[in-house]
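Asker: The structure follows.
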Amino acid sequence: MNLCPFSRRLCIALGLAIAILLLNEAIATIRLLLLFPGNAVDFAQHYFLGWFANHGGSFTDPDWPKKVGVVWQPWAYETIQYLPYQALLLPLMRLLAKLPLELALVLWLALALGLWIVAIKLAAHIVPLPAGRIALLLALWPIIWNLFLLGNVDIFLGAFTAIALALLAERREVVGGFLFGIVSAFKQPFVLGVIPWLRRKPRPVLLGLVLGWVLAGIWALLGVGVEGIRFIVSNANTYVNSVINSPINGSFWGFWLFLAGKEMSVNFWNAGIQLYRGLFPGLLPVGLMATLSSASLVGFGLWRTLKASEPLIEAGFWLTIAPLISLVSWSNHHIYDAMPLLYLLGTLKERPQRVRYLFWLIFPFFIPAHAWEEVALLANPWLLSSFVLSIARLALAGLVVYSLTQRRENELGKDI
């Protein structure tokens, strides 16, 4: 049985489309590489805060981006000083900031690569694919290229999530729950990924989660003190309001802004002040609709996955909807789906043809990283990237639930 379920012509067309997406991402990646170390914008945010603190600066100084001798992109002056998980990264960044930027960045990425090697070895125990093929598939994924190039913290958190899922699948609930506790201390909605095991082994998983949260809390408190924690909490709304209207926000918020958002001005990268608006401005309250959509999707997931027999696929549903119910989400958040997507791909031949059809129709939308920014600029003033990205995530969540249902029906049929 061929992995591609379509006719030969359609399979060739699909292959060409994927090749074009990969080529576009490769070109964007090469352009970023030529800027080294200036390509690592996300890492630089943390590194220079560590440098500032090492030279007597205060974590609670909102003007530190202007005081470190770096020219940032316009959006950075409004966001990076309020980034909530800076408190968790600061102790490590103070150490790295004692090194030159280039060396610190190489060390940071080497640590991330090491984690992914561990994740690949563990994944080979539970995903029906050899470790070499898993490594190749991940190496061909532009999302990973982008995260490494940016030095983004999600490259670590994605690896932690993959490792946690592998450990949970091997019944090491406390350690797996602990890693999810660390991940969700940085990105809270992704705690949903632990639900399949909370349902099966609640006590050890919950113990691990709590240990992760407590350790993260103590670490942050030691790093920035009580005043630093207060600064983060008091400026949480400032941070959210500065990024929530981004034209590449792939959450329900971005979805409803495309449909019913009011006219607004947004400073997007170096494009200056752009006007973005919904198709039906002011028709519905965006915040209320995003909240209702999130609650409905979580309720639907709890109902439809209650008797699911494949916890890794079930986790894929929760890790797919986590960015949807977030206030802010980017295409880079696909990285948290790495293990479930690999497992689904590895078991695709065993699934009904309709599942295979849907998988190959949806999967191409999870390839691009840079392309979403290109579409956003081309589609201005419409929030097309946000809309398509959120729809793709909804489609994948639906596919996962459908796949679980089909597997359960097939198993029941065999029992009969």
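Scheme for the structure tokens: letters A, B, ... for chains in order shown; per-chain residue numbers from 1; ligand numbers from 1 in order shown.
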Could you pull out the helix (DSSP H, G or I) residues of range 98-253 of chain A from DSSP and send them as number ranges by chain?

Answerer: A: 101-126, 131-139, 142-150, 154-169, 173-186, 188-200, 202-234, 236-243, 252-253

Asker: Give me the residues within 8 Å of Trp197 in chain A as JSON, numbers by chain, counting only C-alpha atoms and dropping any in the same chain fewer than 6 places off.

Answerer: {"A": [168, 173, 205, 311]}

Asker: Kindly assemble as a Markdown table a list of the range 166-250 of chain A residues that lie within 10 Å of range 323-342 of chain A, each paired with its nearest atom pair and their distance in Å to one decimal, using only C-alpha atoms, sorted first by chain and then by ascending residue number.

Answerer:
| residue | atom | partner | partner_atom | distance |
| --- | --- | --- | --- | --- |
| A:Ala166 | CA | A:Met339 | CA | 8.2 |
| A:Lys187 | CA | A:Ser326 | CA | 9.2 |
| A:Gln188 | CA | A:Ser326 | CA | 8.6 |
| A:Pro189 | CA | A:Ser326 | CA | 6.4 |
| A:Phe190 | CA | A:Pro323 | CA | 7.8 |
| A:Gly193 | CA | A:Tyr336 | CA | 9.0 |
| A:Val240 | CA | A:Leu327 | CA | 7.5 |
| A:Asn241 | CA | A:Leu327 | CA | 9.6 |
| A:Val243 | CA | A:Val328 | CA | 7.1 |
| A:Ile244 | CA | A:Val328 | CA | 5.5 |
| A:Asn245 | CA | A:Val328 | CA | 8.5 |
| A:Ser246 | CA | A:Val328 | CA | 8.4 |
| A:Pro247 | CA | A:Trp330 | CA | 10.0 |
| A:Ile248 | CA | A:Trp330 | CA | 6.4 |
| A:Asn249 | CA | A:Ser329 | CA | 5.2 |
| A:Gly250 | CA | A:Ser329 | CA | 5.2 |

Asker: Keeping only N, CA, C and O atoms, take the residues you just selected and write them out as a tab-separated table (two decimals), in the first residue's frame.

Answerer:
chain	number	residue	atom	x	y	z
A	166	ALA	N	7.49	10.72	24.88
A	166	ALA	CA	8.12	9.41	24.79
A	166	ALA	C	8.19	8.74	26.17
A	166	ALA	O	7.91	7.54	26.31
A	187	LYS	N	5.13	28.17	28.35
A	187	LYS	CA	4.00	28.31	27.43
A	187	LYS	C	2.81	27.54	28.01
A	187	LYS	O	2.65	26.34	27.78
A	188	GLN	N	1.98	28.24	28.78
A	188	GLN	CA	0.96	27.59	29.60
A	188	GLN	C	-0.03	26.69	28.85
A	188	GLN	O	-0.34	25.59	29.31
A	189	PRO	N	-0.56	27.10	27.69
A	189	PRO	CA	-1.57	26.25	27.04
A	189	PRO	C	-1.10	24.85	26.68
A	189	PRO	O	-1.91	23.92	26.57
A	190	PHE	N	0.22	24.64	26.53
A	190	PHE	CA	0.71	23.33	26.11
A	190	PHE	C	0.68	22.29	27.23
A	190	PHE	O	1.00	21.13	26.99
A	193	GLY	N	-1.25	18.97	26.58
A	193	GLY	CA	-0.70	17.75	26.00
A	193	GLY	C	-0.59	16.59	26.97
A	193	GLY	O	-0.45	15.43	26.54
A	240	VAL	N	0.70	41.38	25.96
A	240	VAL	CA	-0.32	40.75	25.12
A	240	VAL	C	-0.89	41.76	24.11
A	240	VAL	O	-1.03	41.46	22.92
A	241	ASN	N	-1.20	42.95	24.58
A	241	ASN	CA	-1.79	43.97	23.69
A	241	ASN	C	-0.84	44.40	22.57
A	241	ASN	O	-1.28	44.84	21.52
A	243	VAL	N	1.23	42.37	20.95
A	243	VAL	CA	1.48	41.32	19.95
A	243	VAL	C	0.20	40.63	19.46
A	243	VAL	O	0.24	39.93	18.45
A	244	ILE	N	-0.90	40.82	20.15
A	244	ILE	CA	-2.09	40.04	19.87
A	244	ILE	C	-2.68	40.32	18.48
A	244	ILE	O	-3.29	39.44	17.86
A	245	ASN	N	-2.49	41.52	17.98
A	245	ASN	CA	-3.06	41.89	16.68
A	245	ASN	C	-2.12	41.62	15.50
A	245	ASN	O	-2.37	42.11	14.40
A	246	SER	N	-1.08	40.87	15.74
A	246	SER	CA	-0.13	40.56	14.66
A	246	SER	C	-0.83	39.84	13.52
A	246	SER	O	-1.69	38.98	13.73
A	247	PRO	N	-0.47	40.15	12.27
A	247	PRO	CA	-1.09	39.50	11.12
A	247	PRO	C	-0.63	38.07	10.90
A	247	PRO	O	-1.03	37.44	9.92
A	248	ILE	N	0.21	37.53	11.79
A	248	ILE	CA	0.57	36.11	11.71
A	248	ILE	C	0.21	35.39	13.01
A	248	ILE	O	0.79	34.35	13.32
A	249	ASN	N	-0.74	35.94	13.74
A	249	ASN	CA	-1.22	35.31	14.97
A	249	ASN	C	-2.22	34.20	14.59
A	249	ASN	O	-3.36	34.48	14.23
A	250	GLY	N	-1.77	32.95	14.69
A	250	GLY	CA	-2.60	31.83	14.25
A	250	GLY	C	-3.49	31.23	15.31
A	250	GLY	O	-3.75	30.01	15.29

Asker: Between CA of Arg9 in chain A and CA of Pro368 in chain A, measure the distance and give it in Å to one decimal.

Answerer: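 Interatomic distance here is 23.2 Å.
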
Asker: Enumerate the residues of range 242-316 of chain A with a DSSP assignment of strand (DSSP E), computed from the backbone, and present them as a list in words.

Answerer: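 Filtering range 242-316 of chain A to strand (DSSP E) leaves Met264, Ser265, Val266, Asn267, Ile273, Gln274, Leu275 and Tyr276 of chain A.
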
Asker: Need the shell around Leu394 in chain A: protein/DNA/RNA residues with any atom at most 9 Å away, counting only C-alpha atoms. Skip same-chain ones fewer than 3 positions apart. Format as an mmCIF file with N, CA and C atoms, in the first residue's frame?

Answerer:
data_model
loop_
_atom_site.group_PDB
_atom_site.id
_atom_site.type_symbol
_atom_site.label_atom_id
_atom_site.label_comp_id
_atom_site.auth_asym_id
_atom_site.auth_seq_id
_atom_site.Cartn_x
_atom_site.Cartn_y
_atom_site.Cartn_z
ATOM 1 N N THR A 320 -2.345 20.469 19.282
ATOM 2 C CA THR A 320 -2.769 21.236 18.110
ATOM 3 C C THR A 320 -3.701 22.367 18.494
ATOM 4 N N ILE A 321 -4.589 22.103 19.468
ATOM 5 C CA ILE A 321 -5.531 23.166 19.844
ATOM 6 C C ILE A 321 -4.910 24.151 20.838
ATOM 7 N N LEU A 324 -4.340 27.333 19.280
ATOM 8 C CA LEU A 324 -5.615 27.957 18.910
ATOM 9 C C LEU A 324 -6.237 28.703 20.076
ATOM 10 N N LEU A 389 -3.834 29.847 8.900
ATOM 11 C CA LEU A 389 -3.092 29.099 9.899
ATOM 12 C C LEU A 389 -4.031 28.503 10.951
ATOM 13 N N SER A 390 -4.993 29.279 11.400
ATOM 14 C CA SER A 390 -5.940 28.767 12.396
ATOM 15 C C SER A 390 -6.858 27.707 11.803
ATOM 16 N N ILE A 391 -7.271 27.879 10.541
ATOM 17 C CA ILE A 391 -8.102 26.874 9.882
ATOM 18 C C ILE A 391 -7.334 25.564 9.717
ATOM 19 N N ALA A 397 -6.725 19.166 14.000
ATOM 20 C CA ALA A 397 -7.402 18.694 15.208
ATOM 21 C C ALA A 397 -8.568 17.777 14.839
ATOM 22 N N GLY A 398 -9.321 18.166 13.806
ATOM 23 C CA GLY A 398 -10.420 17.317 13.343
ATOM 24 C C GLY A 398 -9.923 15.995 12.798
ATOM 25 N N LEU A 399 -8.832 16.014 12.046
ATOM 26 C CA LEU A 399 -8.259 14.778 11.510
ATOM 27 C C LEU A 399 -7.834 13.838 12.629
#

Asker: Please identify all polymer residues within 12 Å of Glu170 in chain A, counting only C-alpha atoms, omitting same-chain residues fewer than 2 positions from it, and present them as an MDAnalysis selection string.

Answerer: chainID A and resid 122:127 163:168 172:176 197 311:312

Asker: Selection from above, N, CA and C atoms, as a compact mmCIF listing (two decimals), in the first residue's frame, can you write it?

Answerer:
# COMPACT_ATOMS: atom_id res chain seq x y z
N LEU A 122 14.62 8.46 21.72
CA LEU A 122 13.45 8.01 22.48
C LEU A 122 12.25 7.81 21.57
N ALA A 123 12.11 8.67 20.56
CA ALA A 123 10.98 8.56 19.63
C ALA A 123 11.01 7.24 18.89
N ALA A 124 12.22 6.76 18.59
CA ALA A 124 12.35 5.50 17.84
C ALA A 124 11.81 4.31 18.62
N HIS A 125 11.65 4.46 19.94
CA HIS A 125 11.09 3.38 20.75
C HIS A 125 9.58 3.28 20.63
N ILE A 126 8.93 4.39 20.27
CA ILE A 126 7.46 4.40 20.29
C ILE A 126 6.84 4.75 18.95
N VAL A 127 7.63 5.32 18.04
CA VAL A 127 7.14 5.64 16.70
C VAL A 127 7.60 4.53 15.75
N ILE A 163 10.36 14.57 24.23
CA ILE A 163 10.94 13.66 25.23
C ILE A 163 9.89 13.27 26.27
N ALA A 164 9.12 14.26 26.73
CA ALA A 164 8.07 13.99 27.72
C ALA A 164 7.04 13.00 27.19
N LEU A 165 6.62 13.16 25.94
CA LEU A 165 5.65 12.25 25.35
C LEU A 165 6.21 10.84 25.24
N ALA A 166 7.49 10.72 24.88
CA ALA A 166 8.12 9.41 24.79
C ALA A 166 8.19 8.74 26.17
N LEU A 167 8.54 9.52 27.18
CA LEU A 167 8.62 8.97 28.53
C LEU A 167 7.25 8.56 29.04
N LEU A 168 6.24 9.39 28.79
CA LEU A 168 4.89 9.05 29.21
C LEU A 168 4.40 7.79 28.51
N ARG A 172 6.67 6.29 32.22
CA ARG A 172 7.49 7.03 33.19
C ARG A 172 6.79 8.36 33.45
N GLU A 173 5.66 8.24 34.19
CA GLU A 173 4.72 9.35 34.31
C GLU A 173 5.26 10.53 35.09
N VAL A 174 6.02 10.28 36.14
CA VAL A 174 6.49 11.39 36.97
C VAL A 174 7.45 12.28 36.18
N VAL A 175 8.42 11.65 35.51
CA VAL A 175 9.40 12.43 34.74
C VAL A 175 8.73 13.13 33.55
N GLY A 176 7.84 12.40 32.87
CA GLY A 176 7.12 13.01 31.75
C GLY A 176 6.27 14.18 32.21
N TRP A 197 -2.59 11.28 29.68
CA TRP A 197 -2.00 10.51 30.78
C TRP A 197 -2.56 10.94 32.12
N PRO A 311 -2.94 7.22 23.12
CA PRO A 311 -2.64 8.47 23.83
C PRO A 311 -1.75 9.43 23.06
N LEU A 312 -0.84 8.93 22.22
CA LEU A 312 0.02 9.85 21.47
C LEU A 312 -0.78 10.64 20.44

Asker: Excluding Pro352 in chain A and residues on its chain fewer than 2 positions from it, collect all residues at most 10 Å away from it, counting only C-alpha atoms, and give them as a PDB file with N, CA, C and O atoms, in the first residue's frame.

Answerer:
ATOM      1  N   LEU A 348       0.324   5.565   9.286  1.00  0.00           N
ATOM      2  CA  LEU A 348      -0.650   6.000   8.283  1.00  0.00           C
ATOM      3  C   LEU A 348      -1.129   4.851   7.403  1.00  0.00           C
ATOM      4  O   LEU A 348      -2.312   4.793   7.024  1.00  0.00           O
ATOM      5  N   LYS A 349      -0.231   3.926   7.072  1.00  0.00           N
ATOM      6  CA  LYS A 349      -0.614   2.810   6.205  1.00  0.00           C
ATOM      7  C   LYS A 349      -1.656   1.898   6.839  1.00  0.00           C
ATOM      8  O   LYS A 349      -2.380   1.182   6.137  1.00  0.00           O
ATOM      9  N   GLU A 350      -1.732   1.921   8.161  1.00  0.00           N
ATOM     10  CA  GLU A 350      -2.678   1.065   8.868  1.00  0.00           C
ATOM     11  C   GLU A 350      -4.056   1.708   8.997  1.00  0.00           C
ATOM     12  O   GLU A 350      -4.993   1.055   9.465  1.00  0.00           O
ATOM     13  N   ARG A 354      -9.493   7.273   3.884  1.00  0.00           N
ATOM     14  CA  ARG A 354      -9.955   8.648   4.070  1.00  0.00           C
ATOM     15  C   ARG A 354      -9.030   9.418   5.008  1.00  0.00           C
ATOM     16  O   ARG A 354      -8.788  10.611   4.813  1.00  0.00           O
ATOM     17  N   VAL A 355      -8.505   8.751   6.030  1.00  0.00           N
ATOM     18  CA  VAL A 355      -7.558   9.393   6.937  1.00  0.00           C
ATOM     19  C   VAL A 355      -6.291   9.776   6.185  1.00  0.00           C
ATOM     20  O   VAL A 355      -5.742  10.870   6.362  1.00  0.00           O
ATOM     21  N   ARG A 356      -5.821   8.890   5.304  1.00  0.00           N
ATOM     22  CA  ARG A 356      -4.622   9.180   4.524  1.00  0.00           C
ATOM     23  C   ARG A 356      -4.867  10.348   3.570  1.00  0.00           C
ATOM     24  O   ARG A 356      -4.004  11.205   3.378  1.00  0.00           O
ATOM     25  N   TYR A 357      -6.033  10.371   2.931  1.00  0.00           N
ATOM     26  CA  TYR A 357      -6.385  11.498   2.062  1.00  0.00           C
ATOM     27  C   TYR A 357      -6.296  12.815   2.830  1.00  0.00           C
ATOM     28  O   TYR A 357      -5.661  13.784   2.388  1.00  0.00           O
ATOM     29  N   SER A 403      -9.275  10.219  13.176  1.00  0.00           N
ATOM     30  CA  SER A 403      -8.378   9.071  13.176  1.00  0.00           C
ATOM     31  C   SER A 403      -8.577   8.215  14.418  1.00  0.00           C
ATOM     32  O   SER A 403      -8.597   6.977  14.339  1.00  0.00           O
ATOM     33  N   GLN A 406     -11.884   6.327  13.971  1.00  0.00           N
ATOM     34  CA  GLN A 406     -11.767   5.236  13.013  1.00  0.00           C
ATOM     35  C   GLN A 406     -11.032   4.052  13.613  1.00  0.00           C
ATOM     36  O   GLN A 406     -11.428   2.912  13.432  1.00  0.00           O
ATOM     37  N   ARG A 407      -9.939   4.329  14.353  1.00  0.00           N
ATOM     38  CA  ARG A 407      -9.193   3.240  14.969  1.00  0.00           C
ATOM     39  C   ARG A 407     -10.062   2.501  15.982  1.00  0.00           C
ATOM     40  O   ARG A 407     -10.062   1.283  16.053  1.00  0.00           O
ATOM     41  N   ASN A 410     -12.591   0.344  14.156  1.00  0.00           N
ATOM     42  CA  ASN A 410     -11.946  -0.845  13.591  1.00  0.00           C
ATOM     43  C   ASN A 410     -11.672  -1.893  14.673  1.00  0.00           C
ATOM     44  O   ASN A 410     -11.854  -3.089  14.464  1.00  0.00           O
TER      45      ASN A 410
END

Asker: Considering only C-alpha atoms, state which residue in the set A:Phe52, A:Leu88, A:Tyr239, A:Ala40 is at the smallest distance from Leu105 in chain A.

Answerer: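 Among the listed residues, the smallest separation from Leu105 in chain A belongs to A:Ala40.
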
Asker: Using only C-alpha atoms, find the one residue out of A:Val194, A:Leu179, A:Leu10, A:Leu95 that sits nearest to Leu319 in chain A.

Answerer: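 Comparing A:Val194, A:Leu179, A:Leu10, A:Leu95 against Leu319 in chain A, the winner is A:Val194.
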
Asker: So, counting only C-alpha atoms, which residue among A:Pro142, A:Pro281, A:Pro128, A:Pro91 is closest to Ile367 in chain A?

Answerer: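 Between A:Pro142, A:Pro281, A:Pro128, A:Pro91, the residue approaching Ile367 in chain A most closely is A:Pro142.
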
Asker: Can you tell me, as a list in words, what residues are no more than 10 Å from Pro65 in chain A when counting only C-alpha atoms, ignoring any on the same chain fewer than 5 positions away?

Answerer: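 Answer for this query is Gln45, Phe48, Leu49, Phe52, Val70, Val71, Trp72, Ala76, Tyr77, Glu78, Thr79, Ile80 and Gln81 of chain A.
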
Asker: Neighbours of Leu32 in chain A within 12 Å (only C-alpha atoms; same-chain residues fewer than 4 positions away dropped), as a list in words?

Answerer: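 That gives Glu25, Ala26, Ile27, Ala28, Phe36, Pro37, Gly38, Asn39, Ala40, Val41, Trp145, Asn146, Leu147, Phe148, Leu149, Leu150, Gly151 and His370 of chain A.
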
Asker: Write a file of the just-selected residues containing N, CA and C atoms, as a PDB file, in the first residue's frame.

Answerer:
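Result file follows (part05.pdb):
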ATOM      1  N   GLU A  25      11.362  28.056   1.601  1.00  0.00           N
ATOM      2  CA  GLU A  25      11.878  28.143   2.965  1.00  0.00           C
ATOM      3  C   GLU A  25      13.408  28.084   2.975  1.00  0.00           C
ATOM      4  N   ALA A  26      13.983  27.276   2.082  1.00  0.00           N
ATOM      5  CA  ALA A  26      15.443  27.171   2.020  1.00  0.00           C
ATOM      6  C   ALA A  26      16.067  28.508   1.624  1.00  0.00           C
ATOM      7  N   ILE A  27      15.440  29.205   0.669  1.00  0.00           N
ATOM      8  CA  ILE A  27      15.946  30.517   0.241  1.00  0.00           C
ATOM      9  C   ILE A  27      15.903  31.512   1.398  1.00  0.00           C
ATOM     10  N   ALA A  28      14.768  31.529   2.117  1.00  0.00           N
ATOM     11  CA  ALA A  28      14.642  32.429   3.270  1.00  0.00           C
ATOM     12  C   ALA A  28      15.657  32.069   4.350  1.00  0.00           C
ATOM     13  N   PHE A  36      24.324  35.912  10.158  1.00  0.00           N
ATOM     14  CA  PHE A  36      24.849  35.382  11.430  1.00  0.00           C
ATOM     15  C   PHE A  36      25.848  36.361  12.071  1.00  0.00           C
ATOM     16  N   PRO A  37      25.716  36.601  13.405  1.00  0.00           N
ATOM     17  CA  PRO A  37      24.725  36.090  14.350  1.00  0.00           C
ATOM     18  C   PRO A  37      23.460  36.942  14.427  1.00  0.00           C
ATOM     19  N   GLY A  38      23.347  37.920  13.515  1.00  0.00           N
ATOM     20  CA  GLY A  38      22.177  38.797  13.539  1.00  0.00           C
ATOM     21  C   GLY A  38      20.881  38.102  13.203  1.00  0.00           C
ATOM     22  N   ASN A  39      20.959  36.863  12.710  1.00  0.00           N
ATOM     23  CA  ASN A  39      19.743  36.109  12.403  1.00  0.00           C
ATOM     24  C   ASN A  39      19.003  35.699  13.676  1.00  0.00           C
ATOM     25  N   ALA A  40      19.725  35.546  14.774  1.00  0.00           N
ATOM     26  CA  ALA A  40      19.141  35.004  16.005  1.00  0.00           C
ATOM     27  C   ALA A  40      18.496  36.111  16.830  1.00  0.00           C
ATOM     28  N   VAL A  41      17.454  36.699  16.286  1.00  0.00           N
ATOM     29  CA  VAL A  41      16.791  37.829  16.945  1.00  0.00           C
ATOM     30  C   VAL A  41      16.213  37.414  18.297  1.00  0.00           C
ATOM     31  N   TRP A 145      14.238  24.546  11.168  1.00  0.00           N
ATOM     32  CA  TRP A 145      15.268  25.471  10.663  1.00  0.00           C
ATOM     33  C   TRP A 145      15.059  26.857  11.258  1.00  0.00           C
ATOM     34  N   ASN A 146      13.802  27.321  11.196  1.00  0.00           N
ATOM     35  CA  ASN A 146      13.496  28.683  11.632  1.00  0.00           C
ATOM     36  C   ASN A 146      13.779  28.879  13.113  1.00  0.00           C
ATOM     37  N   LEU A 147      13.415  27.884  13.917  1.00  0.00           N
ATOM     38  CA  LEU A 147      13.631  28.001  15.351  1.00  0.00           C
ATOM     39  C   LEU A 147      15.117  28.012  15.697  1.00  0.00           C
ATOM     40  N   PHE A 148      15.898  27.174  15.004  1.00  0.00           N
ATOM     41  CA  PHE A 148      17.343  27.198  15.229  1.00  0.00           C
ATOM     42  C   PHE A 148      17.942  28.533  14.796  1.00  0.00           C
ATOM     43  N   LEU A 149      17.499  29.040  13.654  1.00  0.00           N
ATOM     44  CA  LEU A 149      18.050  30.299  13.147  1.00  0.00           C
ATOM     45  C   LEU A 149      17.717  31.473  14.063  1.00  0.00           C
ATOM     46  N   LEU A 150      16.514  31.474  14.608  1.00  0.00           N
ATOM     47  CA  LEU A 150      16.115  32.552  15.509  1.00  0.00           C
ATOM     48  C   LEU A 150      16.693  32.393  16.897  1.00  0.00           C
ATOM     49  N   GLY A 151      17.145  31.175  17.235  1.00  0.00           N
ATOM     50  CA  GLY A 151      17.577  30.906  18.602  1.00  0.00           C
ATOM     51  C   GLY A 151      16.410  30.930  19.557  1.00  0.00           C
ATOM     52  N   HIS A 370       8.543  30.793   7.225  1.00  0.00           N
ATOM     53  CA  HIS A 370       8.647  32.169   6.729  1.00  0.00           C
ATOM     54  C   HIS A 370       7.482  32.547   5.816  1.00  0.00           C
TER      55      HIS A 370
END

Asker: Of the candidates A:Arg133, A:Arg199, A:Arg230, A:His55, which one gets nearest to Pro84 in chain A if we count only C-alpha atoms?

Answerer: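 Closest to Pro84 in chain A of all the choices is A:Arg230.
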
Asker: Work out how far apart CA of Ile362 in chain A and CA of Arg393 in chain A are and give it in Å to one decimal.

Answerer: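 Computing the Euclidean distance for CA of Ile362 in chain A and CA of Arg393 in chain A yields 8.8 Å.
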
Asker: When you count only C-alpha atoms, which of these residues is closest to Lys262 in chain A: A:Val400, A:Ile182, A:Leu383, A:Ile232?

Answerer: A:Leu383
